[in-house]
$ cat model.tsv   # TSV, N, CA and C atoms
chain	number	residue	atom	x	y	z
A	228	MET	N	-43.88	5.88	-80.02
A	228	MET	CA	-42.45	5.62	-79.98
A	228	MET	C	-41.86	6.39	-78.80
A	229	ALA	N	-40.74	5.94	-78.37
A	229	ALA	CA	-40.08	6.52	-77.20
A	229	ALA	C	-39.47	7.88	-77.53
A	230	ILE	N	-39.20	8.63	-76.48
A	230	ILE	CA	-38.56	9.94	-76.65
A	230	ILE	C	-37.13	9.76	-77.14
A	231	ASN	N	-36.44	8.74	-76.62
A	231	ASN	CA	-35.09	8.45	-77.09
A	231	ASN	C	-34.92	6.94	-77.16
A	232	GLN	N	-33.78	6.48	-77.65
A	232	GLN	CA	-33.54	5.06	-77.84
A	232	GLN	C	-33.23	4.32	-76.55
A	233	ASN	N	-33.11	5.03	-75.44
A	233	ASN	CA	-32.82	4.37	-74.17
A	233	ASN	C	-34.08	3.87	-73.47
A	234	HIS	N	-35.23	4.31	-73.93
A	234	HIS	CA	-36.48	3.88	-73.29
A	234	HIS	C	-37.48	3.55	-74.39
A	235	LEU	N	-37.45	2.29	-74.83
A	235	LEU	CA	-38.31	1.87	-75.92
A	235	LEU	C	-39.59	1.24	-75.40
A	236	PHE	N	-40.69	1.51	-76.07
A	236	PHE	CA	-41.93	0.81	-75.79
A	236	PHE	C	-42.72	0.69	-77.07
A	237	GLU	N	-43.49	-0.40	-77.17
A	237	GLU	CA	-44.27	-0.70	-78.36
A	237	GLU	C	-45.54	-1.44	-77.95
A	238	ASP	N	-46.44	-1.61	-78.92
A	238	ASP	CA	-47.60	-2.48	-78.72
A	238	ASP	C	-47.19	-3.89	-79.14
A	239	LEU	N	-47.24	-4.83	-78.22
A	239	LEU	CA	-46.97	-6.24	-78.51
A	239	LEU	C	-48.25	-7.01	-78.24
A	240	ASP	N	-48.79	-7.62	-79.27
A	240	ASP	CA	-50.07	-8.35	-79.16
A	240	ASP	C	-51.17	-7.46	-78.58
A	241	GLY	N	-51.17	-6.19	-78.97
A	241	GLY	CA	-52.21	-5.28	-78.51
A	241	GLY	C	-52.02	-4.74	-77.11
A	242	VAL	N	-50.88	-5.00	-76.49
A	242	VAL	CA	-50.60	-4.53	-75.14
A	242	VAL	C	-49.39	-3.59	-75.19
A	243	LYS	N	-49.52	-2.40	-74.61
A	243	LYS	CA	-48.40	-1.46	-74.57
A	243	LYS	C	-47.35	-2.03	-73.62
A	244	CYS	N	-46.11	-2.19	-74.12
A	244	CYS	CA	-45.04	-2.84	-73.34
A	244	CYS	C	-43.75	-2.04	-73.40
A	245	GLY	N	-43.01	-2.07	-72.30
A	245	GLY	CA	-41.63	-1.60	-72.29
A	245	GLY	C	-40.76	-2.71	-72.86
A	246	ILE	N	-39.89	-2.38	-73.80
A	246	ILE	CA	-39.10	-3.40	-74.49
A	246	ILE	C	-37.87	-3.75	-73.68
A	247	ALA	N	-37.72	-5.04	-73.40
A	247	ALA	CA	-36.52	-5.53	-72.72
A	247	ALA	C	-35.44	-5.85	-73.74
A	248	GLU	N	-35.82	-6.48	-74.86
A	248	GLU	CA	-34.85	-6.81	-75.89
A	248	GLU	C	-35.56	-7.15	-77.19
A	249	LYS	N	-34.93	-6.77	-78.30
A	249	LYS	CA	-35.43	-7.10	-79.63
A	249	LYS	C	-34.49	-8.11	-80.27
A	250	ASN	N	-35.01	-8.88	-81.20
A	250	ASN	CA	-34.24	-9.87	-81.96
A	250	ASN	C	-33.53	-10.86	-81.04
A	251	ALA	N	-34.23	-11.36	-80.06
A	251	ALA	CA	-33.65	-12.31	-79.11
A	251	ALA	C	-33.87	-13.74	-79.61
A	252	SER	N	-32.87	-14.58	-79.39
A	252	SER	CA	-32.97	-15.99	-79.76
A	252	SER	C	-33.93	-16.70	-78.80
A	253	PRO	N	-34.41	-17.88	-79.15
A	253	PRO	CA	-35.30	-18.61	-78.24
A	253	PRO	C	-34.65	-18.90	-76.88
A	254	GLU	N	-33.35	-19.17	-76.85
A	254	GLU	CA	-32.66	-19.42	-75.59
A	254	GLU	C	-32.61	-18.14	-74.74
A	255	ARG	N	-32.36	-17.02	-75.39
A	255	ARG	CA	-32.31	-15.73	-74.70
A	255	ARG	C	-33.70	-15.36	-74.16
A	256	VAL	N	-34.74	-15.66	-74.93
A	256	VAL	CA	-36.11	-15.39	-74.50
A	256	VAL	C	-36.41	-16.17	-73.22
A	257	ALA	N	-36.01	-17.44	-73.18
A	257	ALA	CA	-36.26	-18.26	-72.00
A	257	ALA	C	-35.56	-17.67	-70.78
A	258	PHE	N	-34.30	-17.22	-70.95
A	258	PHE	CA	-33.54	-16.62	-69.86
A	258	PHE	C	-34.22	-15.34	-69.37
A	259	LEU	N	-34.54	-14.44	-70.30
A	259	LEU	CA	-35.15	-13.15	-69.91
A	259	LEU	C	-36.52	-13.34	-69.29
A	260	LYS	N	-37.32	-14.22	-69.86
A	260	LYS	CA	-38.66	-14.45	-69.33
A	260	LYS	C	-38.58	-14.97	-67.89
A	261	ASP	N	-37.69	-15.91	-67.65
A	261	ASP	CA	-37.52	-16.47	-66.31
A	261	ASP	C	-37.06	-15.38	-65.32
A	262	LEU	N	-36.08	-14.57	-65.73
A	262	LEU	CA	-35.54	-13.53	-64.88
A	262	LEU	C	-36.58	-12.44	-64.59
A	263	LEU	N	-37.27	-11.98	-65.63
A	263	LEU	CA	-38.22	-10.88	-65.46
A	263	LEU	C	-39.46	-11.32	-64.68
A	264	GLU	N	-39.92	-12.54	-64.91
A	264	GLU	CA	-41.06	-13.03	-64.14
A	264	GLU	C	-40.70	-13.23	-62.67
A	265	ALA	N	-39.43	-13.58	-62.38
A	265	ALA	CA	-38.99	-13.70	-60.99
A	265	ALA	C	-38.99	-12.33	-60.31
A	266	ASN	N	-38.92	-11.25	-61.10
A	266	ASN	CA	-38.95	-9.89	-60.57
A	266	ASN	C	-40.35	-9.28	-60.67
A	267	ASN	N	-41.36	-10.14	-60.78
A	267	ASN	CA	-42.78	-9.75	-60.78
A	267	ASN	C	-43.21	-8.89	-61.96
A	268	PHE	N	-42.59	-9.09	-63.13
A	268	PHE	CA	-43.03	-8.42	-64.35
A	268	PHE	C	-43.90	-9.39	-65.14
A	269	THR	N	-44.88	-8.87	-65.85
A	269	THR	CA	-45.65	-9.67	-66.79
A	269	THR	C	-44.96	-9.56	-68.14
A	270	VAL	N	-44.49	-10.69	-68.66
A	270	VAL	CA	-43.67	-10.71	-69.87
A	270	VAL	C	-44.54	-11.03	-71.08
A	271	VAL	N	-44.32	-10.29	-72.18
A	271	VAL	CA	-44.99	-10.53	-73.45
A	271	VAL	C	-43.90	-10.80	-74.48
A	272	VAL	N	-44.04	-11.92	-75.20
A	272	VAL	CA	-43.06	-12.29	-76.22
A	272	VAL	C	-43.79	-12.44	-77.56
A	273	VAL	N	-43.27	-11.77	-78.59
A	273	VAL	CA	-43.83	-11.90	-79.93
A	273	VAL	C	-42.68	-12.14	-80.90
A	274	LYS	N	-43.00	-12.77	-82.00
A	274	LYS	CA	-42.00	-13.02	-83.03
A	274	LYS	C	-41.61	-11.69	-83.68
A	275	SER	N	-40.31	-11.49	-83.88
A	275	SER	CA	-39.84	-10.26	-84.50
A	275	SER	C	-40.22	-10.24	-85.97
A	276	PRO	N	-40.54	-9.07	-86.50
A	276	PRO	CA	-40.86	-9.00	-87.93
A	276	PRO	C	-39.61	-9.27	-88.75
A	277	PRO	N	-39.77	-9.78	-89.98
A	277	PRO	CA	-38.60	-10.03	-90.81
A	277	PRO	C	-37.89	-8.72	-91.14
A	278	PRO	N	-36.59	-8.78	-91.37
A	278	PRO	CA	-35.86	-7.54	-91.70
A	278	PRO	C	-36.34	-6.96	-93.02
A	279	LYS	N	-36.35	-5.64	-93.07
A	279	LYS	CA	-36.78	-4.97	-94.28
A	279	LYS	C	-35.66	-5.00	-95.31
A	280	THR	N	-36.01	-5.32	-96.54
A	280	THR	CA	-35.03	-5.32	-97.62
A	280	THR	C	-35.54	-4.42	-98.73
A	281	ALA	N	-34.62	-3.78	-99.41
A	281	ALA	CA	-35.00	-2.90	-100.51
A	281	ALA	C	-35.36	-3.75	-101.72
A	282	ALA	N	-36.41	-3.37	-102.40
A	282	ALA	CA	-36.84	-4.09	-103.59
A	282	ALA	C	-35.88	-3.78	-104.74
A	283	LYS	N	-35.52	-4.83	-105.47
A	283	LYS	CA	-34.64	-4.64	-106.63
A	283	LYS	C	-35.48	-4.14	-107.79
A	284	PRO	N	-34.94	-3.22	-108.56
A	284	PRO	CA	-35.70	-2.73	-109.70
A	284	PRO	C	-35.88	-3.85	-110.73
A	285	ALA	N	-37.08	-3.91	-111.30
A	285	ALA	CA	-37.37	-4.95	-112.29
A	285	ALA	C	-36.72	-4.58	-113.62
A	286	ALA	N	-36.07	-5.57	-114.22
A	286	ALA	CA	-35.43	-5.35	-115.52
A	286	ALA	C	-36.50	-5.49	-116.61
A	287	ALA	N	-36.36	-4.70	-117.63
A	287	ALA	CA	-37.30	-4.77	-118.74
A	287	ALA	C	-37.10	-6.09	-119.47
A	288	PRO	N	-38.21	-6.80	-119.78
A	288	PRO	CA	-38.06	-8.08	-120.49
A	288	PRO	C	-37.52	-7.87	-121.90
A	289	VAL	N	-36.67	-8.77	-122.30
A	289	VAL	CA	-36.08	-8.73	-123.64
A	289	VAL	C	-36.80	-9.77	-124.48
A	290	GLU	N	-37.17	-9.38	-125.70
A	290	GLU	CA	-37.89	-10.31	-126.56
A	290	GLU	C	-37.00	-11.49	-126.91
A	291	GLY	N	-37.58	-12.68	-126.80
A	291	GLY	CA	-36.85	-13.90	-127.17
A	291	GLY	C	-36.02	-14.47	-126.03
A	292	ALA	N	-35.84	-13.73	-124.96
A	292	ALA	CA	-35.04	-14.22	-123.83
A	292	ALA	C	-35.95	-15.01	-122.91
A	293	PRO	N	-35.39	-16.04	-122.26
A	293	PRO	CA	-36.23	-16.80	-121.33
A	293	PRO	C	-36.60	-15.94	-120.12
A	294	ALA	N	-37.72	-16.26	-119.53
A	294	ALA	CA	-38.19	-15.50	-118.36
A	294	ALA	C	-37.24	-15.77	-117.19
A	295	PRO	N	-36.92	-14.74	-116.42
A	295	PRO	CA	-36.02	-14.96	-115.28
A	295	PRO	C	-36.69	-15.82	-114.22
A	296	ALA	N	-35.87	-16.63	-113.56
A	296	ALA	CA	-36.39	-17.50	-112.51
A	296	ALA	C	-36.77	-16.64	-111.31
A	297	PRO	N	-37.87	-16.99	-110.64
A	297	PRO	CA	-38.25	-16.20	-109.46
A	297	PRO	C	-37.21	-16.38	-108.36
A	298	GLU	N	-36.97	-15.28	-107.65
A	298	GLU	CA	-35.99	-15.35	-106.56
A	298	GLU	C	-36.57	-16.13	-105.39
A	299	PRO	N	-35.75	-16.97	-104.77
A	299	PRO	CA	-36.26	-17.74	-103.63
A	299	PRO	C	-36.54	-16.82	-102.44
A	300	VAL	N	-37.55	-17.18	-101.69
A	300	VAL	CA	-37.90	-16.41	-100.50
A	300	VAL	C	-36.98	-16.86	-99.37
A	301	VAL	N	-36.24	-15.91	-98.83
A	301	VAL	CA	-35.31	-16.22	-97.76
A	301	VAL	C	-35.98	-15.85	-96.45
A	302	GLU	N	-36.16	-16.84	-95.58
A	302	GLU	CA	-36.77	-16.57	-94.29
A	302	GLU	C	-35.68	-16.17	-93.31
A	303	GLY	N	-35.91	-15.09	-92.59
A	303	GLY	CA	-34.93	-14.59	-91.63
A	303	GLY	C	-34.80	-15.51	-90.44
A	304	PRO	N	-33.88	-15.19	-89.57
A	304	PRO	CA	-33.69	-16.00	-88.37
A	304	PRO	C	-34.93	-15.94	-87.47
A	305	ASN	N	-35.09	-16.96	-86.68
A	305	ASN	CA	-36.23	-17.07	-85.78
A	305	ASN	C	-35.92	-16.28	-84.51
A	306	THR	N	-36.30	-14.99	-84.49
A	306	THR	CA	-36.02	-14.13	-83.35
A	306	THR	C	-37.32	-13.56	-82.78
A	307	PHE	N	-37.21	-13.05	-81.55
A	307	PHE	CA	-38.39	-12.59	-80.84
A	307	PHE	C	-38.11	-11.23	-80.19
A	308	THR	N	-39.20	-10.52	-79.91
A	308	THR	CA	-39.15	-9.28	-79.15
A	308	THR	C	-39.73	-9.58	-77.77
A	309	VAL	N	-38.98	-9.20	-76.73
A	309	VAL	CA	-39.39	-9.45	-75.35
A	309	VAL	C	-39.74	-8.11	-74.72
A	310	GLY	N	-40.94	-8.03	-74.15
A	310	GLY	CA	-41.37	-6.82	-73.48
A	310	GLY	C	-42.07	-7.14	-72.18
A	311	VAL	N	-42.24	-6.12	-71.36
A	311	VAL	CA	-42.97	-6.26	-70.11
A	311	VAL	C	-44.11	-5.24	-70.12
A	312	THR	N	-45.18	-5.56	-69.43
A	312	THR	CA	-46.36	-4.70	-69.48
A	312	THR	C	-46.17	-3.38	-68.73
A	313	ASP	N	-45.12	-3.26	-67.96
A	313	ASP	CA	-44.81	-2.01	-67.26
A	313	ASP	C	-44.01	-1.12	-68.21
A	314	VAL	N	-44.65	-0.07	-68.75
A	314	VAL	CA	-43.97	0.77	-69.75
A	314	VAL	C	-42.85	1.62	-69.14
A	315	ARG	N	-42.77	1.65	-67.82
A	315	ARG	CA	-41.66	2.37	-67.17
A	315	ARG	C	-40.38	1.57	-67.19
A	316	PHE	N	-40.45	0.30	-67.59
A	316	PHE	CA	-39.27	-0.58	-67.58
A	316	PHE	C	-38.24	-0.11	-68.59
A	317	ASN	N	-37.02	0.03	-68.13
A	317	ASN	CA	-35.87	0.38	-68.96
A	317	ASN	C	-34.73	-0.50	-68.48
A	318	PRO	N	-34.25	-1.43	-69.31
A	318	PRO	CA	-33.22	-2.37	-68.84
A	318	PRO	C	-31.98	-1.68	-68.28
A	319	THR	N	-31.54	-0.60	-68.90
A	319	THR	CA	-30.35	0.09	-68.42
A	319	THR	C	-30.55	0.63	-67.02
A	320	ASN	N	-31.67	1.29	-66.78
A	320	ASN	CA	-31.95	1.83	-65.45
A	320	ASN	C	-32.11	0.75	-64.40
A	321	TYR	N	-32.76	-0.35	-64.78
A	321	TYR	CA	-32.98	-1.42	-63.82
A	321	TYR	C	-31.70	-2.17	-63.48
A	322	ILE	N	-30.79	-2.31	-64.46
A	322	ILE	CA	-29.52	-3.02	-64.19
A	322	ILE	C	-28.58	-2.14	-63.38
A	323	PHE	N	-28.32	-0.93	-63.85
A	323	PHE	CA	-27.36	-0.07	-63.14
A	323	PHE	C	-27.95	0.55	-61.89
A	324	GLY	N	-29.27	0.60	-61.78
A	324	GLY	CA	-29.91	1.03	-60.55
A	324	GLY	C	-30.02	-0.10	-59.54
A	325	ARG	N	-29.54	-1.28	-59.92
A	325	ARG	CA	-29.50	-2.47	-59.06
A	325	ARG	C	-30.89	-2.85	-58.57
A	326	LEU	N	-31.88	-2.77	-59.47
A	326	LEU	CA	-33.27	-3.04	-59.11
A	326	LEU	C	-33.72	-4.46	-59.44
A	327	LEU	N	-32.99	-5.16	-60.30
A	327	LEU	CA	-33.35	-6.53	-60.65
A	327	LEU	C	-32.59	-7.51	-59.77
A	328	ARG	N	-33.25	-8.62	-59.43
A	328	ARG	CA	-32.64	-9.65	-58.58
A	328	ARG	C	-32.73	-11.00	-59.27
A	329	THR	N	-31.76	-11.86	-59.01
A	329	THR	CA	-31.82	-13.23	-59.48
A	329	THR	C	-32.78	-14.00	-58.57
A	330	LYS	N	-33.06	-15.25	-58.91
A	330	LYS	CA	-33.97	-16.05	-58.08
A	330	LYS	C	-33.42	-16.29	-56.68
A	331	ASP	N	-32.08	-16.31	-56.57
A	331	ASP	CA	-31.49	-16.53	-55.24
A	331	ASP	C	-31.21	-15.23	-54.50
A	332	GLY	N	-31.69	-14.09	-55.00
A	332	GLY	CA	-31.63	-12.83	-54.27
A	332	GLY	C	-30.45	-11.94	-54.57
A	333	HIS	N	-29.54	-12.34	-55.47
A	333	HIS	CA	-28.41	-11.49	-55.82
A	333	HIS	C	-28.83	-10.41	-56.80
A	334	VAL	N	-28.13	-9.29	-56.76
A	334	VAL	CA	-28.39	-8.19	-57.69
A	334	VAL	C	-27.93	-8.62	-59.09
A	335	VAL	N	-28.74	-8.33	-60.10
A	335	VAL	CA	-28.39	-8.66	-61.49
A	335	VAL	C	-27.36	-7.65	-61.97
A	336	THR	N	-26.21	-8.15	-62.40
A	336	THR	CA	-25.16	-7.30	-62.95
A	336	THR	C	-25.28	-7.28	-64.48
A	337	LEU	N	-24.55	-6.37	-65.10
A	337	LEU	CA	-24.57	-6.28	-66.56
A	337	LEU	C	-24.08	-7.58	-67.19
A	338	ALA	N	-23.02	-8.16	-66.64
A	338	ALA	CA	-22.48	-9.41	-67.18
A	338	ALA	C	-23.50	-10.54	-67.06
A	339	TYR	N	-24.25	-10.56	-65.99
A	339	TYR	CA	-25.28	-11.59	-65.82
A	339	TYR	C	-26.41	-11.36	-66.82
A	340	TRP	N	-26.85	-10.11	-66.98
A	340	TRP	CA	-27.91	-9.78	-67.93
A	340	TRP	C	-27.51	-10.19	-69.34
A	341	GLN	N	-26.24	-9.95	-69.70
A	341	GLN	CA	-25.75	-10.29	-71.03
A	341	GLN	C	-25.37	-11.76	-71.15
A	342	GLN	N	-25.54	-12.52	-70.10
A	342	GLN	CA	-25.25	-13.94	-70.01
A	342	GLN	C	-23.76	-14.24	-70.25
A	343	LYS	N	-22.90	-13.32	-69.85
A	343	LYS	CA	-21.46	-13.56	-69.89
A	343	LYS	C	-21.03	-14.30	-68.63
A	344	ASP	N	-21.74	-14.09	-67.52
A	344	ASP	CA	-21.51	-14.81	-66.26
A	344	ASP	C	-22.76	-15.61	-65.95
A	345	SER	N	-22.56	-16.83	-65.47
A	345	SER	CA	-23.71	-17.65	-65.11
A	345	SER	C	-24.18	-17.37	-63.69
A	346	VAL	N	-23.34	-16.67	-62.92
A	346	VAL	CA	-23.67	-16.28	-61.54
A	346	VAL	C	-23.47	-14.78	-61.42
A	347	SER	N	-24.40	-14.11	-60.75
A	347	SER	CA	-24.29	-12.66	-60.56
A	347	SER	C	-23.31	-12.35	-59.44
A	348	HIS	N	-22.23	-11.66	-59.76
A	348	HIS	CA	-21.22	-11.26	-58.77
A	348	HIS	C	-21.53	-9.83	-58.35
A	349	ASP	N	-22.43	-9.67	-57.41
A	349	ASP	CA	-22.89	-8.35	-57.04
A	349	ASP	C	-22.10	-7.74	-55.88
A	350	ASP	N	-21.03	-8.39	-55.43
A	350	ASP	CA	-20.28	-7.87	-54.31
A	350	ASP	C	-19.35	-6.73	-54.72
A	351	VAL	N	-19.06	-6.59	-56.01
A	351	VAL	CA	-18.21	-5.50	-56.49
A	351	VAL	C	-19.08	-4.55	-57.32
A	352	PRO	N	-19.26	-3.32	-56.88
A	352	PRO	CA	-20.08	-2.37	-57.64
A	352	PRO	C	-19.50	-2.13	-59.02
A	353	TYR	N	-20.36	-1.80	-59.98
A	353	TYR	CA	-19.95	-1.62	-61.36
A	353	TYR	C	-19.03	-0.41	-61.55
A	354	TYR	N	-19.01	0.53	-60.62
A	354	TYR	CA	-18.26	1.76	-60.81
A	354	TYR	C	-16.85	1.69	-60.26
A	355	VAL	N	-16.45	0.58	-59.66
A	355	VAL	CA	-15.10	0.44	-59.12
A	355	VAL	C	-14.11	0.25	-60.25
A	356	VAL	N	-13.06	1.05	-60.27
A	356	VAL	CA	-12.02	0.97	-61.27
A	356	VAL	C	-10.83	0.26	-60.67
A	357	GLY	N	-10.27	-0.66	-61.40
A	357	GLY	CA	-9.07	-1.28	-60.87
A	357	GLY	C	-8.98	-2.65	-61.24
$ encode --input "model.tsv" --output "C-alpha cells"
Amino acid sequence: MAINQNHLFEDLDGVKCGIAEKNASPERVAFLKDLLEANNFTVVVVKSPPPKTAAKPAAAPVEGAPAPAPEPVVEGPNTFTVGVTDVRFNPTNYIFGRLLRTKDGHVVTLAYWQQKDSVSHDDVPYYVVG
C-alpha cells in the first residue's frame, strides 16, 4: 500500500501498477486508456471488486413461523480500476506538473482530466487568480 492516499499503487492482474482511477465507468476507462496510452504508459484495467457490506445478524428461527425468504443478491455497478505499470505515476503530480499531453500536443488540464472540458485550454496556468 502507498505511504499516503496521494500516491496509490496495487497489484492489478499480477502486475504492480500506479493507480490512475478507481471505480471508473466504462466510458471513463476508454477516455483514460486512450489518454494514458498516448503518453506512452502501459495501461492495465481490471473490474473493481464489489463494495463491502456488513453482514446482518441472523434472527433466531421461531417455531411455527415460515422460513424467511432469502435476500436477493444485489450486483454493484459495473466499474473498473485503471492503473499504469509505472508505479511512479501519480495523477495529481502529472496534471499539475503539466507532464501529460493530449493527442494534439496540448497540456492536460484538471478540467480536461475530469472531462469537464472537451478541449484542453492550456494557455492559462492553473495558478492564475482572477
$ residues_around --input "model.tsv" --residues "A:Val335" --least-positions-apart "5" --cutoff "8 Å" --atoms "only N, CA and C atoms" --output "number ranges by chain"
A: 321-323, 325-329, 340, 346-349
$ atom_distance --input "model.tsv" --atom1 "atom N of A:Glu237" --atom2 "atom CA of A:Lys260"
16.8 Å
$ residues_around --input "model.tsv" --residues "A:Asn250" --least-positions-apart "3" --cutoff "5 Å" --atoms "all atoms listed in the file" --output "ChimeraX atom specification"
/A:306-308
$ write_last_selection --input "model.tsv" --atoms "N, CA and C atoms" --output "short mmCIF file (atom, residue, chain, number, x, y, z; two decimals), keeping the file's coordinate frame"
data_model
loop_
_atom_site.label_atom_id
_atom_site.label_comp_id
_atom_site.auth_asym_id
_atom_site.auth_seq_id
_atom_site.Cartn_x
_atom_site.Cartn_y
_atom_site.Cartn_z
N THR A 306 -36.30 -14.99 -84.49
CA THR A 306 -36.02 -14.13 -83.35
C THR A 306 -37.32 -13.56 -82.78
N PHE A 307 -37.21 -13.05 -81.55
CA PHE A 307 -38.39 -12.59 -80.84
C PHE A 307 -38.11 -11.23 -80.19
N THR A 308 -39.20 -10.52 -79.91
CA THR A 308 -39.15 -9.28 -79.15
C THR A 308 -39.73 -9.58 -77.77
#
$ atom_distance --input "model.tsv" --atom1 "atom CA of A:Val273" --atom2 "atom CA of A:Asp331"
28.0 Å
$ atom_distance --input "model.tsv" --atom1 "atom N of A:Cys244" --atom2 "atom N of A:His333"
26.9 Å
$ residues_around --input "model.tsv" --residues "A:Phe258" --least-positions-apart "2" --cutoff "12 Å" --atoms "only C-alpha atoms" --output "tab-separated table (two decimals) with N, CA and C atoms, in the frame of the given file"
chain	number	residue	atom	x	y	z
A	247	ALA	N	-37.72	-5.04	-73.40
A	247	ALA	CA	-36.52	-5.53	-72.72
A	247	ALA	C	-35.44	-5.85	-73.74
A	248	GLU	N	-35.82	-6.48	-74.86
A	248	GLU	CA	-34.85	-6.81	-75.89
A	248	GLU	C	-35.56	-7.15	-77.19
A	251	ALA	N	-34.23	-11.36	-80.06
A	251	ALA	CA	-33.65	-12.31	-79.11
A	251	ALA	C	-33.87	-13.74	-79.61
A	252	SER	N	-32.87	-14.58	-79.39
A	252	SER	CA	-32.97	-15.99	-79.76
A	252	SER	C	-33.93	-16.70	-78.80
A	253	PRO	N	-34.41	-17.88	-79.15
A	253	PRO	CA	-35.30	-18.61	-78.24
A	253	PRO	C	-34.65	-18.90	-76.88
A	254	GLU	N	-33.35	-19.17	-76.85
A	254	GLU	CA	-32.66	-19.42	-75.59
A	254	GLU	C	-32.61	-18.14	-74.74
A	255	ARG	N	-32.36	-17.02	-75.39
A	255	ARG	CA	-32.31	-15.73	-74.70
A	255	ARG	C	-33.70	-15.36	-74.16
A	256	VAL	N	-34.74	-15.66	-74.93
A	256	VAL	CA	-36.11	-15.39	-74.50
A	256	VAL	C	-36.41	-16.17	-73.22
A	260	LYS	N	-37.32	-14.22	-69.86
A	260	LYS	CA	-38.66	-14.45	-69.33
A	260	LYS	C	-38.58	-14.97	-67.89
A	261	ASP	N	-37.69	-15.91	-67.65
A	261	ASP	CA	-37.52	-16.47	-66.31
A	261	ASP	C	-37.06	-15.38	-65.32
A	262	LEU	N	-36.08	-14.57	-65.73
A	262	LEU	CA	-35.54	-13.53	-64.88
A	262	LEU	C	-36.58	-12.44	-64.59
A	263	LEU	N	-37.27	-11.98	-65.63
A	263	LEU	CA	-38.22	-10.88	-65.46
A	263	LEU	C	-39.46	-11.32	-64.68
A	264	GLU	N	-39.92	-12.54	-64.91
A	264	GLU	CA	-41.06	-13.03	-64.14
A	264	GLU	C	-40.70	-13.23	-62.67
A	265	ALA	N	-39.43	-13.58	-62.38
A	265	ALA	CA	-38.99	-13.70	-60.99
A	265	ALA	C	-38.99	-12.33	-60.31
A	270	VAL	N	-44.49	-10.69	-68.66
A	270	VAL	CA	-43.67	-10.71	-69.87
A	270	VAL	C	-44.54	-11.03	-71.08
A	309	VAL	N	-38.98	-9.20	-76.73
A	309	VAL	CA	-39.39	-9.45	-75.35
A	309	VAL	C	-39.74	-8.11	-74.72
A	329	THR	N	-31.76	-11.86	-59.01
A	329	THR	CA	-31.82	-13.23	-59.48
A	329	THR	C	-32.78	-14.00	-58.57
A	330	LYS	N	-33.06	-15.25	-58.91
A	330	LYS	CA	-33.97	-16.05	-58.08
A	330	LYS	C	-33.42	-16.29	-56.68
A	339	TYR	N	-24.25	-10.56	-65.99
A	339	TYR	CA	-25.28	-11.59	-65.82
A	339	TYR	C	-26.41	-11.36	-66.82
A	340	TRP	N	-26.85	-10.11	-66.98
A	340	TRP	CA	-27.91	-9.78	-67.93
A	340	TRP	C	-27.51	-10.19	-69.34
A	341	GLN	N	-26.24	-9.95	-69.70
A	341	GLN	CA	-25.75	-10.29	-71.03
A	341	GLN	C	-25.37	-11.76	-71.15
A	342	GLN	N	-25.54	-12.52	-70.10
A	342	GLN	CA	-25.25	-13.94	-70.01
A	342	GLN	C	-23.76	-14.24	-70.25
A	345	SER	N	-22.56	-16.83	-65.47
A	345	SER	CA	-23.71	-17.65	-65.11
A	345	SER	C	-24.18	-17.37	-63.69
$ decode --input "model.tsv" --residues "stretch 308-337 of chain A" --atoms "C-alpha atoms" --output "PDB file, in the first residue's frame"
ATOM      1  CA  THR A 308      -9.829   0.222 -11.701  1.00  0.00           C
ATOM      2  CA  VAL A 309      -7.396   1.853 -14.132  1.00  0.00           C
ATOM      3  CA  GLY A 310      -3.674   1.629 -13.487  1.00  0.00           C
ATOM      4  CA  VAL A 311      -0.391   2.052 -15.315  1.00  0.00           C
ATOM      5  CA  THR A 312       2.639  -0.194 -14.998  1.00  0.00           C
ATOM      6  CA  ASP A 313       4.830   2.757 -13.953  1.00  0.00           C
ATOM      7  CA  VAL A 314       4.439   2.798 -10.147  1.00  0.00           C
ATOM      8  CA  ARG A 315       5.835   6.342 -10.049  1.00  0.00           C
ATOM      9  CA  PHE A 316       2.642   7.573 -11.749  1.00  0.00           C
ATOM     10  CA  ASN A 317       0.600   9.959  -9.622  1.00  0.00           C
ATOM     11  CA  PRO A 318      -2.281  11.711 -11.431  1.00  0.00           C
ATOM     12  CA  THR A 319      -2.041  14.841  -9.281  1.00  0.00           C
ATOM     13  CA  ASN A 320       1.675  15.304  -9.938  1.00  0.00           C
ATOM     14  CA  TYR A 321       1.340  14.584 -13.639  1.00  0.00           C
ATOM     15  CA  ILE A 322      -1.587  17.004 -14.120  1.00  0.00           C
ATOM     16  CA  PHE A 323      -0.300  19.940 -12.068  1.00  0.00           C
ATOM     17  CA  GLY A 324       3.278  19.289 -13.158  1.00  0.00           C
ATOM     18  CA  ARG A 325       1.971  19.666 -16.735  1.00  0.00           C
ATOM     19  CA  LEU A 326       3.533  16.343 -17.757  1.00  0.00           C
ATOM     20  CA  LEU A 327       0.558  14.810 -19.603  1.00  0.00           C
ATOM     21  CA  ARG A 328      -0.303  15.813 -23.176  1.00  0.00           C
ATOM     22  CA  THR A 329      -3.378  15.341 -25.337  1.00  0.00           C
ATOM     23  CA  LYS A 330      -3.039  13.646 -28.734  1.00  0.00           C
ATOM     24  CA  ASP A 331      -2.778  17.052 -30.403  1.00  0.00           C
ATOM     25  CA  GLY A 332       0.060  18.152 -28.085  1.00  0.00           C
ATOM     26  CA  HIS A 333      -1.779  20.385 -25.594  1.00  0.00           C
ATOM     27  CA  VAL A 334      -1.055  20.135 -21.877  1.00  0.00           C
ATOM     28  CA  VAL A 335      -3.733  18.169 -19.986  1.00  0.00           C
ATOM     29  CA  THR A 336      -5.512  20.452 -17.525  1.00  0.00           C
ATOM     30  CA  LEU A 337      -7.509  19.369 -14.487  1.00  0.00           C
TER      31      LEU A 337
END
